[in-house]
Amino acid sequence: MTWTLDTNSARTALQIASEYADPALLNHSVRSYAFGAQYADQHGLAYDEELFYVAALLHDLGLTVPFDSHTLPFEEAGGHVARVLTAGLGWPADRRARAEEVIVLHMRDDVTSAEDVESHLLQVGTSADVSGLRLSEFDPAFTAALLADHPRAGFGAAFTALVEDQAKRKPDCAAAAYVAGGAAARIAANPLGA
């Protein structure tokens with residue numbers, strides 16, 4: 001199985017994510033894409049694969065030191081990273097705005113596939129990987145192969161620390177509500193493990 005997309009924009013997004021995210025966060029981004037893409041295939045959802053891949057690879061860069069904003073929630077900072085990167089790739093303004101929107105919405109209330117398929121897929125992919133939501137909908141062989149190629153590498157504890165830090169410093173952000181809603185317990189209980 002392959003977990004990458006072979007377009008110039010996709011290769012560039014992977015390169016940037018690889019340069020700024022540690023292995024645990026990078027693997028999470030790839031797994032989030034893979035879970036979302038697999039879910040789309042299983043449910044017959046048509047989506048913009050390149051847009052979704054780029055958004056998935058960049059969605060947590062706002063948690064990294066170089067892109068962590070002291071005022072913006074991490075998903076908004078990550079959305080801006082995507083907007084700037086895709087401008088450099090020559091994406092038109094409306095497509096750049098979509099990349100930003102997909103990243104921002106992944107931390108908001110549930111978005112249905114009818115409302116915004118790429119945002120829905122990022123929510124499905126990140127939720128499966130972070131807390132194990134909907135894991136039973138995926139073939140265990142698919143999940144095992146994905147984890148073998150992109151191991152957790154301590155992602156659960158590292159991600160918990162990152163979102164708790166965001167919540168502490170930015171008490172009005174979505175991460176704060178996520179933490180207050182029991183994120184640490186859900187992440188710790190993820191059947192995918194640490």
# chains A, B, ... in the order shown; residues from 1 in each chain; ligands from 1
$ closest_atom_pairs --of "range 43-139 of chain A" --to "range 183-187 of chain A" --cutoff "8 Å" --atoms "only C-alpha atoms" --output "tab-separated table"
residue	atom	partner	partner_atom	distance
A:Val130	CA	A:Ile187	CA	5.9
A:Ser131	CA	A:Ile187	CA	4.6
A:Gly132	CA	A:Ile187	CA	7.8
$ residues_around --residues "Ala188 in chain A" --least-positions-apart "5" --cutoff "8 Å" --atoms "only C-alpha atoms" --output "mmCIF file with N, CA and C atoms, in the first residue's frame"
data_model
loop_
_atom_site.group_PDB
_atom_site.id
_atom_site.type_symbol
_atom_site.label_atom_id
_atom_site.label_comp_id
_atom_site.auth_asym_id
_atom_site.auth_seq_id
_atom_site.Cartn_x
_atom_site.Cartn_y
_atom_site.Cartn_z
ATOM 1 N N SER A 131 -7.754 9.446 18.624
ATOM 2 C CA SER A 131 -8.504 8.828 19.723
ATOM 3 C C SER A 131 -9.140 7.489 19.375
ATOM 4 N N GLY A 156 0.775 9.586 21.072
ATOM 5 C CA GLY A 156 -0.311 9.906 22.010
ATOM 6 C C GLY A 156 0.125 10.864 23.105
ATOM 7 N N ALA A 157 1.198 10.529 23.790
ATOM 8 C CA ALA A 157 1.684 11.378 24.881
ATOM 9 C C ALA A 157 2.186 12.717 24.356
ATOM 10 N N GLY A 193 -2.753 2.460 20.455
ATOM 11 C CA GLY A 193 -1.630 2.496 21.398
ATOM 12 C C GLY A 193 -0.931 3.840 21.408
ATOM 13 N N ALA A 194 0.194 3.837 22.078
ATOM 14 C CA ALA A 194 0.958 5.068 22.273
ATOM 15 C C ALA A 194 1.595 5.483 20.971
#
$ atom_distance --atom1 "CA of Glu100 in chain A" --atom2 "CA of Phe138 in chain A"
27.5 Å
$ closest_residue --among "A:Leu192, A:Val81, A:Ala17, A:Ala174" --to "Ala148 in chain A" --atoms "only C-alpha atoms"
A:Leu192
$ closest_atom_pairs --of "range 32-90 of chain A" --to "range 104-118 of chain A" --cutoff "8 Å" --atoms "only C-alpha atoms" --output "Markdown table"
| residue | atom | partner | partner_atom | distance |
| --- | --- | --- | --- | --- |
| A:Leu45 | CA | A:Val117 | CA | 7.6 |
| A:Ala46 | CA | A:Val117 | CA | 7.8 |
| A:Tyr47 | CA | A:Val117 | CA | 6.3 |
| A:Asp48 | CA | A:Glu118 | CA | 7.1 |
| A:Leu51 | CA | A:Glu118 | CA | 7.7 |
| A:Phe52 | CA | A:Glu118 | CA | 5.6 |
| A:Glu75 | CA | A:Val104 | CA | 5.0 |
| A:Glu76 | CA | A:Val104 | CA | 5.4 |
| A:Gly78 | CA | A:Val104 | CA | 7.8 |
| A:Gly79 | CA | A:Val104 | CA | 6.0 |
$ write_last_selection --atoms "N, CA, C and O atoms" --output "tab-separated table (two decimals), in the first residue's frame"
chain	number	residue	atom	x	y	z
A	45	LEU	N	-17.03	8.40	-1.60
A	45	LEU	CA	-17.02	9.87	-1.56
A	45	LEU	C	-16.03	10.42	-2.57
A	45	LEU	O	-14.85	10.05	-2.56
A	46	ALA	N	-16.50	11.29	-3.44
A	46	ALA	CA	-15.62	11.98	-4.38
A	46	ALA	C	-15.01	13.18	-3.67
A	46	ALA	O	-15.71	13.91	-2.97
A	47	TYR	N	-13.70	13.36	-3.83
A	47	TYR	CA	-13.03	14.47	-3.15
A	47	TYR	C	-11.81	14.88	-3.96
A	47	TYR	O	-11.35	14.15	-4.83
A	48	ASP	N	-11.29	16.04	-3.63
A	48	ASP	CA	-10.08	16.56	-4.27
A	48	ASP	C	-8.90	15.94	-3.52
A	48	ASP	O	-8.55	16.38	-2.42
A	51	LEU	N	-5.82	18.32	-2.71
A	51	LEU	CA	-6.18	19.28	-1.66
A	51	LEU	C	-6.21	18.59	-0.30
A	51	LEU	O	-5.65	19.10	0.68
A	52	PHE	N	-6.85	17.45	-0.23
A	52	PHE	CA	-6.94	16.73	1.03
A	52	PHE	C	-5.57	16.28	1.52
A	52	PHE	O	-5.23	16.43	2.69
A	75	GLU	N	-4.65	25.43	14.69
A	75	GLU	CA	-5.21	25.08	13.40
A	75	GLU	C	-5.29	26.29	12.47
A	75	GLU	O	-5.16	26.15	11.25
A	76	GLU	N	-5.48	27.47	13.03
A	76	GLU	CA	-5.47	28.69	12.20
A	76	GLU	C	-4.06	29.00	11.74
A	76	GLU	O	-3.85	29.37	10.57
A	78	GLY	N	-1.70	26.80	11.30
A	78	GLY	CA	-1.42	25.79	10.28
A	78	GLY	C	-2.10	26.10	8.96
A	78	GLY	O	-1.56	25.85	7.88
A	79	GLY	N	-3.32	26.65	9.04
A	79	GLY	CA	-4.02	27.05	7.83
A	79	GLY	C	-3.27	28.13	7.06
A	79	GLY	O	-3.21	28.11	5.82
$ atom_distance --atom1 "CA of Leu25 in chain A" --atom2 "CA of Ala158 in chain A"
8.4 Å
$ select_by_dssp --residues "chain A" --states "helix (DSSP H, G or I)" --output "ChimeraX atom specification"
/A:8-20,23-43,49-58,61-63,65-67,74-88,93-105,117-131,135-137,140-149,155-169,174-180,183-188
$ residues_around --residues "Ile103 in chain A" --least-positions-apart "4" --cutoff "12 Å" --atoms "only C-alpha atoms" --output "PyMOL selection string"
chain A and resi 29+32+51-62+73-83+96-99+107-108+116+118-123+126
$ closest_residue --among "A:Phe142, A:Phe155, A:Phe35, A:Tyr178" --to "Asn190 in chain A" --atoms "only C-alpha atoms"
A:Phe155
$ closest_residue --among "A:Thr4, A:Pro191, A:His28, A:Leu63" --to "Pro140 in chain A" --atoms "only C-alpha atoms"
A:Pro191
$ closest_residue --among "A:His43, A:His70, A:Arg134, A:Arg152" --to "Pro23 in chain A" --atoms "only C-alpha atoms"
A:Arg152
$ atom_distance --atom1 "CA of His150 in chain A" --atom2 "CA of Asn27 in chain A"
5.2 Å
